[in-house]
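Pasted below: target_28.txt, compact mmCIF, C-alpha atoms.
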```
# COMPACT_ATOMS: atom_id res chain seq x y z
CA MET A 15 0.00 0.00 0.00
CA SER A 16 2.86 2.38 -0.69
CA ALA A 17 1.72 4.31 -3.73
CA PRO A 18 3.77 7.47 -4.25
CA LEU A 19 2.06 10.72 -3.35
CA ASN A 20 2.97 13.80 -5.32
CA VAL A 21 3.45 16.07 -2.32
CA ASN A 22 3.25 19.66 -3.50
CA PHE A 23 4.18 21.22 -0.17
CA SER A 24 6.94 21.18 2.40
CA LEU A 25 6.54 21.05 6.15
CA GLU A 26 8.82 22.17 8.97
CA ARG A 27 8.70 23.51 12.52
CA ASN A 28 9.36 27.17 13.26
CA ALA A 29 11.22 28.55 16.31
CA PHE A 30 7.96 28.39 18.30
CA GLY A 31 7.42 24.69 17.56
CA GLN A 32 4.53 25.36 15.17
CA LEU A 33 4.15 23.52 11.88
CA VAL A 34 4.84 25.69 8.84
CA LEU A 35 3.58 24.53 5.45
CA THR A 36 5.04 26.05 2.29
CA ASP A 37 2.76 25.37 -0.67
CA ALA A 38 3.61 24.92 -4.35
CA GLU A 39 3.39 28.70 -4.95
CA GLY A 40 5.89 29.35 -2.14
CA ILE A 41 3.31 30.77 0.27
CA ARG A 42 4.12 30.00 3.92
CA HIS A 43 1.29 29.02 6.23
CA GLU A 44 2.40 29.34 9.88
CA GLY A 45 0.77 27.25 12.59
CA VAL A 46 -0.97 24.63 10.45
CA THR A 47 -2.83 21.88 12.27
CA PRO A 48 -3.43 18.34 11.01
CA VAL A 49 -7.03 17.17 11.42
CA ARG A 50 -8.23 13.63 10.77
CA ALA A 51 -11.41 13.29 8.73
CA ASN A 52 -12.31 9.99 10.45
CA PRO A 53 -10.16 9.75 13.59
CA ILE A 54 -11.65 6.48 14.83
CA SER A 55 -12.77 4.47 11.83
CA ALA A 56 -9.96 5.48 9.45
CA PRO A 57 -7.23 7.34 11.35
CA LEU A 58 -4.61 7.03 8.61
CA GLU A 59 -6.85 8.19 5.76
CA GLY A 60 -8.04 11.68 4.93
CA ILE A 61 -5.95 14.17 6.86
CA ALA A 62 -6.40 17.90 6.27
CA LEU A 63 -3.72 20.43 7.10
CA MET A 64 -5.64 23.47 8.33
CA SER A 65 -4.48 27.08 8.56
CA THR A 66 -4.95 29.13 11.72
CA GLU A 67 -7.98 30.69 10.01
CA GLY A 68 -9.58 27.25 9.63
CA HIS A 69 -8.96 26.85 5.89
CA GLU A 70 -7.66 23.64 4.40
CA VAL A 71 -4.24 24.29 2.87
CA ALA A 72 -3.38 20.67 2.02
CA TRP A 73 -5.14 17.32 1.86
CA ILE A 74 -3.51 13.95 2.45
CA GLU A 75 -5.49 11.02 1.11
CA LEU A 76 -3.44 8.34 2.84
CA LEU A 77 -0.75 9.06 5.42
CA ALA A 78 1.32 6.05 4.32
CA TRP A 79 1.90 7.75 0.97
CA VAL A 80 3.58 10.79 2.52
CA PRO A 81 7.39 10.81 2.70
CA ALA A 82 8.70 9.59 6.07
CA GLU A 83 10.06 12.93 7.29
CA LEU A 84 6.76 14.74 6.63
CA ARG A 85 4.75 11.84 8.05
CA ALA A 86 6.80 11.98 11.28
CA LEU A 87 6.01 15.69 11.74
CA ILE A 88 2.31 15.13 11.10
CA GLU A 89 2.09 12.13 13.45
CA GLU A 90 3.96 14.01 16.17
CA GLU A 91 1.56 16.95 15.92
CA LEU A 92 -1.47 14.66 15.91
CA SER A 93 -0.26 12.85 19.02
CA THR A 94 0.02 16.12 20.95
CA ARG A 95 -3.55 17.10 20.04
CA GLU A 96 -5.33 13.80 20.40
CA PHE A 97 -5.87 12.07 23.71
CA MET A 98 -8.15 9.07 23.68
CA PRO A 99 -6.99 6.22 25.91
CA GLU A 100 -8.03 2.79 24.70
CA ILE A 101 -9.56 0.61 27.42
CA GLN A 102 -8.01 -2.85 27.47
CA ARG A 103 -9.57 -4.15 30.69
CA LEU A 104 -12.26 -3.13 33.17
CA ASN A 105 -11.06 -3.95 36.68
CA THR A 106 -13.97 -2.72 38.81
CA VAL A 107 -17.14 -0.68 38.59
CA SER A 108 -18.36 0.89 41.84
CA SER A 109 -22.04 0.46 41.03
CA PHE A 110 -24.24 -0.69 38.19
CA ALA A 111 -26.33 2.43 38.70
CA THR A 112 -24.93 5.72 37.45
CA PRO A 113 -23.01 7.71 38.34
CA SER A 114 -20.39 5.04 38.90
CA THR A 115 -16.62 4.99 39.21
CA TRP A 116 -14.75 2.77 36.80
CA GLU A 117 -11.24 1.43 37.39
CA VAL A 118 -9.70 0.43 34.05
CA GLU A 119 -6.45 -0.50 32.35
CA THR A 120 -5.75 1.46 29.17
CA ASP A 121 -3.00 1.55 26.57
CA ARG A 122 -1.66 4.51 28.59
CA GLY A 123 -1.79 2.83 32.01
CA ALA A 124 -4.30 2.51 34.84
CA ALA A 125 -7.12 5.05 35.00
CA SER A 126 -10.17 5.82 37.08
CA PHE A 127 -13.14 7.83 35.87
CA VAL A 128 -16.76 8.57 36.66
CA LEU A 129 -19.48 7.57 34.20
CA LYS A 130 -22.35 10.03 34.70
CA GLY A 131 -24.95 8.12 32.73
CA GLU A 132 -25.42 5.26 30.31
CA GLU A 133 -26.00 7.80 27.53
CA ASP A 134 -22.27 8.63 27.81
CA ILE A 135 -21.48 5.27 26.17
CA ARG A 136 -21.77 5.60 22.39
CA ARG A 137 -21.73 2.75 19.91
CA LEU A 138 -19.95 3.46 16.64
CA PRO A 139 -19.80 1.41 13.43
CA GLY A 140 -17.48 -1.56 13.57
CA GLY A 141 -18.24 -2.38 17.19
CA ILE A 142 -16.28 0.55 18.60
CA LEU A 143 -17.45 2.07 21.88
CA LEU A 144 -16.71 5.62 23.05
CA ILE A 145 -17.14 6.29 26.75
CA ALA A 146 -17.13 9.88 27.99
CA ASP A 147 -16.19 10.45 31.61
CA ALA A 148 -17.62 13.17 33.85
CA HIS A 149 -14.88 15.59 32.65
CA GLY A 150 -15.48 14.95 28.94
CA ILE A 151 -12.43 12.76 28.37
CA GLN A 152 -13.19 10.12 25.75
CA PHE A 153 -12.12 6.53 26.37
CA MET A 154 -12.35 4.03 23.52
CA ILE A 155 -12.97 0.32 23.33
CA ARG A 156 -11.88 -0.55 19.81
CA GLN A 157 -13.14 -4.14 19.82
CA LEU A 158 -15.55 -5.39 22.46
CA SER A 159 -14.78 -9.02 21.63
CA ALA A 160 -11.09 -8.42 22.43
CA LEU A 161 -11.89 -7.69 26.08
CA ASP A 162 -11.57 -10.47 28.63
CA ARG A 163 -14.70 -12.18 29.97
CA HIS A 164 -14.75 -10.22 33.26
CA SER A 165 -14.55 -6.88 31.41
CA ARG A 166 -17.34 -7.83 28.98
CA LYS A 167 -19.55 -8.95 31.88
CA LEU A 168 -19.14 -5.60 33.67
CA LEU A 169 -19.71 -3.64 30.47
CA ASP A 170 -22.81 -5.66 29.51
CA ARG A 171 -24.62 -4.17 32.53
CA PHE A 172 -24.38 -0.72 30.91
CA LEU A 173 -25.16 -1.61 27.29
```
As a first step, turn the structure in this file into structure tokens.
Amino acid sequence: MSAPLNVNFSLERNAFGQLVLTDAEGIRHEGVTPVRANPISAPLEGIALMSTEGHEVAWIELLAWVPAELRALIEEELSTREFMPEIQRLNTVSSFATPSTWEVETDRGAASFVLKGEEDIRRLPGGILLIADAHGIQFMIRQLSALDRHSRKLLDRFL
């Protein structure tokens, strides 16, 4: 899946750590921000590079097609903006009535959060679950079937 992409822009960081895109006409766009079109279902496809005014200055169809040095800058910037821990195991739930406190293991370590209501658990296509805690932080379960039996049993009470 490594089709060449005719990249008609360059990308670098300025002295302030912001991304600077120089387009084919030589126009510099300071402080561009990468934004995923489908951050959960297709995170490596359809990435827009947006100006500080909110205008798209470049479009990347597939991140794998971008040269490695540009891809590294884009991925680094995306990682600083996106925070969505992926739940790998549910350890305990304080109550099956909401609000309840959940103790979980994520890809970023142990976490504890409060689920205000069952409506804060959203089902997405492909079996993905998004769980918003009381502070608005989104936790993701990418594949329900990948959870262990104990975790699925606890989660079933809320679905």
For Val128 (chain A), list every protein, DNA or RNA residue within 8 Å, evaluated using only C-alpha atoms, and leave out those in the same chain fewer than 4 positions away; present the list as a ChimeraX atom specification. /A:113-116,147-148
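Within the 7 Å cut-off around region 100-104 of chain A, using all atoms listed in the file and omitting residues fewer than 6 positions from it on the same chain, the listed residues are Glu117, Val118, Glu119, Thr120, Asp121, Phe153, Met154, Ile155, Leu161, Asp162 and Ser165 of chain A.
The gap separating CA of Arg171 (chain A) from CA of Ala146 (chain A) is 16.6 Å, in Å to one decimal.
For the pair CA of Glu39 (chain A) and CA of Asn22 (chain A), the separation is 9.2 Å.
Relative to CA of Leu129 (chain A), CA of Asn52 (chain A) is found at 24.9 Å.
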Padded axis-aligned box of region 70-87 of chain A (8 Å per side), centre and edge lengths, Å, one decimal, as lines of an AutoDock Vina configuration file:
```
center_x = 1.2
center_y = 15.2
center_z = 6.4
size_x = 33.7
size_y = 34.2
size_z = 26.8
```
Leaving out Leu173 (chain A) and any residue of its chain fewer than 6 positions from it, which residues lie within 12 Å of it when counting all atoms listed in the file, given as a count of residues only? 14
From A:Leu168, A:Ile54, A:Val46, A:Ile61, residue lying nearest Glu26 (chain A) [only C-alpha atoms]: A:Val46
Ala86 (chain A) environment, 12 Å, all atoms listed in the file, sequence neighbours closer than 4 positions dropped, as a VMD selection string: chain A and resid 25 to 27 33 77 to 78 80 to 82 90 to 93
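Once only C-alpha atoms are considered, the residues situated within 12 Å of the file point (-8.2, 10.3, 2.6) turn out to be Leu19, Val49, Arg50, Ala51, Asn52, Pro53, Ser55, Ala56, Pro57, Leu58, Glu59, Gly60, Ile61, Ala62, Leu63, Ala72, Trp73, Ile74, Glu75, Leu76, Leu77, Ala78, Trp79 and Val80 of chain A.
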